[in-house]
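As stored in query_8.pdb (PDB, C-alpha atoms, pLDDT in the B column):
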ATOM      1  CA  MET A   1       0.000   0.000   0.000  1.00 92.00           C
ATOM      2  CA  ILE A   2       1.360   3.410  -1.013  1.00 94.00           C
ATOM      3  CA  ALA A   3      -1.434   5.798   0.015  1.00 95.00           C
ATOM      4  CA  GLU A   4      -4.601   6.287   2.027  1.00 93.00           C
ATOM      5  CA  LEU A   5      -7.682   7.802   0.359  1.00 94.00           C
ATOM      6  CA  GLN A   6      -8.320  11.210   1.951  1.00 93.00           C
ATOM      7  CA  CYS A   7     -11.411  12.387   0.109  1.00 95.00           C
ATOM      8  CA  LEU A   8     -13.219  12.625  -3.200  1.00 94.00           C
ATOM      9  CA  VAL A   9     -13.147  16.104  -4.758  1.00 94.00           C
ATOM     10  CA  LEU A  10     -15.897  17.378  -7.069  1.00 93.00           C
ATOM     11  CA  ASP A  11     -15.485  20.473  -9.234  1.00 92.00           C
ATOM     12  CA  CYS A  12     -18.447  22.839  -9.110  1.00 94.00           C
ATOM     13  CA  PRO A  13     -19.406  26.519  -9.426  1.00 93.00           C
ATOM     14  CA  ASP A  14     -20.796  26.913  -5.862  1.00 95.00           C
ATOM     15  CA  THR A  15     -19.057  24.887  -3.138  1.00 94.00           C
ATOM     16  CA  ALA A  16     -21.450  25.738  -0.292  1.00 95.00           C
ATOM     17  CA  LEU A  17     -24.513  24.841  -2.348  1.00 95.00           C
ATOM     18  CA  LEU A  18     -23.132  21.449  -3.371  1.00 96.00           C
ATOM     19  CA  ALA A  19     -21.824  20.683   0.129  1.00 95.00           C
ATOM     20  CA  GLY A  20     -25.288  21.434   1.517  1.00 96.00           C
ATOM     21  CA  PHE A  21     -26.885  19.130  -1.040  1.00 93.00           C
ATOM     22  CA  TYR A  22     -24.601  16.205  -0.176  1.00 95.00           C
ATOM     23  CA  ALA A  23     -24.853  16.833   3.576  1.00 96.00           C
ATOM     24  CA  GLU A  24     -28.626  16.595   3.279  1.00 95.00           C
ATOM     25  CA  LEU A  25     -28.366  13.491   1.086  1.00 90.00           C
ATOM     26  CA  LEU A  26     -25.761  11.624   3.169  1.00 94.00           C
ATOM     27  CA  GLY A  27     -25.899  13.280   6.577  1.00 95.00           C
ATOM     28  CA  GLY A  28     -22.778  14.678   8.164  1.00 95.00           C
ATOM     29  CA  ARG A  29     -21.248  18.054   8.845  1.00 97.00           C
ATOM     30  CA  THR A  30     -20.382  20.695   6.301  1.00 97.00           C
ATOM     31  CA  ASP A  31     -17.096  22.546   6.591  1.00 97.00           C
ATOM     32  CA  GLN A  32     -15.902  20.777   9.712  1.00 96.00           C
ATOM     33  CA  PRO A  33     -12.449  22.111  10.659  1.00 95.00           C
ATOM     34  CA  ASP A  34      -9.778  19.746   9.349  1.00 93.00           C
ATOM     35  CA  LYS A  35      -6.008  20.296   9.346  1.00 90.00           C
ATOM     36  CA  ARG A  36      -5.709  18.723   5.883  1.00 90.00           C
ATOM     37  CA  TRP A  37      -7.146  21.713   3.998  1.00 89.00           C
ATOM     38  CA  ALA A  38      -8.306  25.302   4.305  1.00 91.00           C
ATOM     39  CA  LEU A  39     -12.012  26.024   3.994  1.00 93.00           C
ATOM     40  CA  GLY A  40     -13.358  29.017   2.136  1.00 92.00           C
ATOM     41  CA  GLU A  41     -15.316  30.243  -0.823  1.00 91.00           C
ATOM     42  CA  ASP A  42     -13.325  27.975  -3.151  1.00 96.00           C
ATOM     43  CA  TRP A  43     -13.320  24.815  -0.989  1.00 96.00           C
ATOM     44  CA  SER A  44     -16.030  23.167   1.082  1.00 97.00           C
ATOM     45  CA  THR A  45     -16.382  19.738   2.683  1.00 97.00           C
ATOM     46  CA  VAL A  46     -18.856  17.209   4.041  1.00 97.00           C
ATOM     47  CA  HIS A  47     -17.626  14.766   6.681  1.00 97.00           C
ATOM     48  CA  THR A  48     -20.104  11.884   6.439  1.00 96.00           C
ATOM     49  CA  PRO A  49     -21.223   9.784   9.426  1.00 96.00           C
ATOM     50  CA  GLY A  50     -19.251   6.819   8.056  1.00 94.00           C
ATOM     51  CA  GLY A  51     -16.034   8.853   8.068  1.00 94.00           C
ATOM     52  CA  PHE A  52     -15.758   9.456   4.330  1.00 94.00           C
ATOM     53  CA  VAL A  53     -15.102  13.054   3.257  1.00 97.00           C
ATOM     54  CA  LEU A  54     -16.497  14.696   0.135  1.00 95.00           C
ATOM     55  CA  CYS A  55     -14.826  17.933  -0.926  1.00 96.00           C
ATOM     56  CA  PHE A  56     -16.045  20.567  -3.341  1.00 94.00           C
ATOM     57  CA  GLN A  57     -13.646  22.726  -5.315  1.00 95.00           C
ATOM     58  CA  ARG A  58     -14.857  25.917  -6.975  1.00 95.00           C
ATOM     59  CA  VAL A  59     -14.094  26.149 -10.667  1.00 93.00           C
ATOM     60  CA  ARG A  60     -14.901  29.414 -12.355  1.00 93.00           C
ATOM     61  CA  ASP A  61     -16.683  28.975 -15.684  1.00 93.00           C
ATOM     62  CA  HIS A  62     -17.471  25.401 -14.665  1.00 92.00           C
ATOM     63  CA  LEU A  63     -18.976  23.279 -17.415  1.00 89.00           C
ATOM     64  CA  PRO A  64     -20.944  20.434 -15.842  1.00 88.00           C
ATOM     65  CA  PRO A  65     -20.797  16.918 -17.230  1.00 87.00           C
ATOM     66  CA  GLN A  66     -23.379  16.012 -19.846  1.00 87.00           C
ATOM     67  CA  TRP A  67     -24.112  12.345 -19.476  1.00 83.00           C
ATOM     68  CA  PRO A  68     -23.258  10.356 -21.547  1.00 87.00           C
ATOM     69  CA  ASP A  69     -21.476  12.851 -23.842  1.00 91.00           C
ATOM     70  CA  PRO A  70     -17.725  12.062 -23.810  1.00 89.00           C
ATOM     71  CA  ALA A  71     -16.992  15.665 -24.824  1.00 91.00           C
ATOM     72  CA  ARG A  72     -18.168  16.702 -21.322  1.00 88.00           C
ATOM     73  CA  PRO A  73     -17.304  13.709 -19.095  1.00 86.00           C
ATOM     74  CA  GLN A  74     -17.647  13.235 -15.356  1.00 79.00           C
ATOM     75  CA  GLN A  75     -15.348  15.516 -13.331  1.00 80.00           C
ATOM     76  CA  PHE A  76     -13.602  14.622 -10.090  1.00 83.00           C
ATOM     77  CA  HIS A  77     -10.199  13.863  -8.617  1.00 88.00           C
ATOM     78  CA  LEU A  78      -8.954  11.762  -5.724  1.00 88.00           C
ATOM     79  CA  ASP A  79      -6.699  12.924  -2.891  1.00 93.00           C
ATOM     80  CA  PHE A  80      -4.412  10.314  -1.302  1.00 94.00           C
ATOM     81  CA  GLY A  81      -2.551  10.851   1.968  1.00 94.00           C
ATOM     82  CA  VAL A  82       1.034   9.590   2.011  1.00 94.00           C
ATOM     83  CA  PRO A  83       3.720   9.691   4.705  1.00 95.00           C
ATOM     84  CA  ASP A  84       6.546  10.450   2.242  1.00 96.00           C
ATOM     85  CA  LEU A  85       5.761  12.544  -0.870  1.00 95.00           C
ATOM     86  CA  ASP A  86       9.066  11.844  -2.592  1.00 96.00           C
ATOM     87  CA  ARG A  87       8.804   8.074  -2.187  1.00 96.00           C
ATOM     88  CA  ALA A  88       5.121   8.020  -3.165  1.00 96.00           C
ATOM     89  CA  GLU A  89       5.884  10.109  -6.248  1.00 96.00           C
ATOM     90  CA  GLU A  90       8.613   7.672  -7.278  1.00 96.00           C
ATOM     91  CA  LEU A  91       6.249   4.724  -6.842  1.00 96.00           C
ATOM     92  CA  VAL A  92       3.260   6.170  -8.732  1.00 97.00           C
ATOM     93  CA  LEU A  93       5.470   7.325 -11.609  1.00 96.00           C
ATOM     94  CA  GLY A  94       6.845   3.799 -11.766  1.00 96.00           C
ATOM     95  CA  MET A  95       3.281   2.491 -11.992  1.00 95.00           C
ATOM     96  CA  GLY A  96       2.536   4.642 -15.050  1.00 95.00           C
ATOM     97  CA  ALA A  97       1.304   7.935 -13.569  1.00 96.00           C
ATOM     98  CA  THR A  98       2.339  11.255 -15.099  1.00 95.00           C
ATOM     99  CA  SER A  99       3.404  14.286 -13.068  1.00 96.00           C
ATOM    100  CA  LEU A 100       1.154  17.286 -13.787  1.00 96.00           C
ATOM    101  CA  ASP A 101       2.272  19.789 -11.112  1.00 96.00           C
ATOM    102  CA  ARG A 102       4.998  19.053  -8.612  1.00 95.00           C
ATOM    103  CA  GLY A 103       4.895  22.529  -7.081  1.00 93.00           C
ATOM    104  CA  PRO A 104       7.531  23.849  -4.685  1.00 93.00           C
ATOM    105  CA  ASP A 105       9.041  21.408  -2.171  1.00 85.00           C
ATOM    106  CA  SER A 106       7.378  23.338   0.662  1.00 89.00           C
ATOM    107  CA  ARG A 107       3.889  22.599  -0.698  1.00 92.00           C
ATOM    108  CA  GLY A 108       2.181  19.639   0.904  1.00 93.00           C
ATOM    109  CA  TRP A 109       0.757  18.075  -2.275  1.00 94.00           C
ATOM    110  CA  ARG A 110       1.628  17.090  -5.827  1.00 96.00           C
ATOM    111  CA  ILE A 111      -0.687  16.545  -8.778  1.00 95.00           C
ATOM    112  CA  PHE A 112      -0.517  13.568 -11.120  1.00 94.00           C
ATOM    113  CA  ALA A 113      -2.592  11.886 -13.810  1.00 93.00           C
ATOM    114  CA  ASP A 114      -3.356   8.192 -13.762  1.00 92.00           C
ATOM    115  CA  PRO A 115      -2.573   6.148 -16.899  1.00 87.00           C
ATOM    116  CA  ALA A 116      -5.975   7.113 -18.369  1.00 80.00           C
ATOM    117  CA  GLY A 117      -5.412  10.833 -17.697  1.00 87.00           C
ATOM    118  CA  HIS A 118      -7.588  11.285 -14.580  1.00 88.00           C
ATOM    119  CA  PRO A 119      -6.005  13.721 -12.124  1.00 92.00           C
ATOM    120  CA  PHE A 120      -5.197  12.764  -8.547  1.00 93.00           C
ATOM    121  CA  CYS A 121      -3.195  14.367  -5.749  1.00 95.00           C
ATOM    122  CA  LEU A 122      -0.710  12.942  -3.293  1.00 95.00           C
ATOM    123  CA  LEU A 123      -0.860  14.857   0.012  1.00 95.00           C
ATOM    124  CA  ARG A 124       1.639  14.714   2.829  1.00 92.00           C
ATOM    125  CA  HIS A 125      -0.080  13.561   6.018  1.00 85.00           C
TER     126      HIS A 125
END
Step by step, read the file and then write its structure as structure tokens.
Amino acid sequence: MIAELQCLVLDCPDTALLAGFYAELLGGRTDQPDKRWALGEDWSTVHTPGGFVLCFQRVRDHLPPQWPDPARPQQFHLDFGVPDLDRAEELVLGMGATSLDRGPDSRGWRIFADPAGHPFCLLRH
């Protein structure tokens, strides 16, 4: 095992609106303080009763998916907590991932694409 799933992140135009929708659907608390990320206008969360966390990331000019049109596919990314970013990066690249944004060494996350092009983040925990 290389990583631990931290949350599922959905792109959307209004984070509070979508967080409220999923909190009502699944139960749980919206925007519960969590050291893993900063809350705000561009980021909202729902901590579900089962412990799973849904996150909502604001995307300006968001174009929602149009099922089943492949020109506008489903939109999400996964965040994985890892104890060692450098080692995890080496392992996922060896498995066929592509680095999209390594960022400065001081940043606590790096962005990759899986072999099919879906983005995911490795986060130091």
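If you look at CA of Asp84 in chain A and CA of Ala116 in chain A, they are 24.3 Å away from each other.
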What does the PyMOL selection byres ((chain A and resi 73-76) around 8) select in this file, as a VMD selection string?
-> chain A and resid 8 to 11 64 to 72 77 to 78 119
Return as a PyMOL selection string the set of residues that the PyMOL selection byres ((chain A and resi 34-46) around 7) yields on the displayed structure.
-> chain A and resi 15-16+19+23+28-33+47-48+53-58
Find the distance between CA of Gly27 in chain A and CA of Gln6 in chain A and write it in Å to one decimal.
-> 18.3 Å
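Remark: for Leu26 in chain A, the closest of the candidate residues A:Cys12, A:Cys7, A:Phe120, A:Gly51 is A:Gly51 (distances computed over only C-alpha atoms).
With only C-alpha atoms as the atoms that count, the residue of A:Cys121, A:Pro115, A:Pro49, A:Arg60 with the shortest distance to Leu25 in chain A is A:Pro49.
What the PyMOL selection byres ((chain A and resi 86-90) around 9) grabs from this file is Ile2, Ala3, Val82, Pro83, Asp84, Leu85, Leu91, Val92, Leu93, Gly94, Met95, Ala97, Ser99, Arg110, Phe112 and Leu122 of chain A.
Counting from CA of Gly117 in chain A, the distance to CA of Arg102 in chain A is 16.1 Å.
Among the candidate residues A:Gly81, A:Asp101, A:Leu18, A:Gly96, the one lying nearest to Asp114 in chain A is A:Gly96, with distances computed using all atoms listed in the file.
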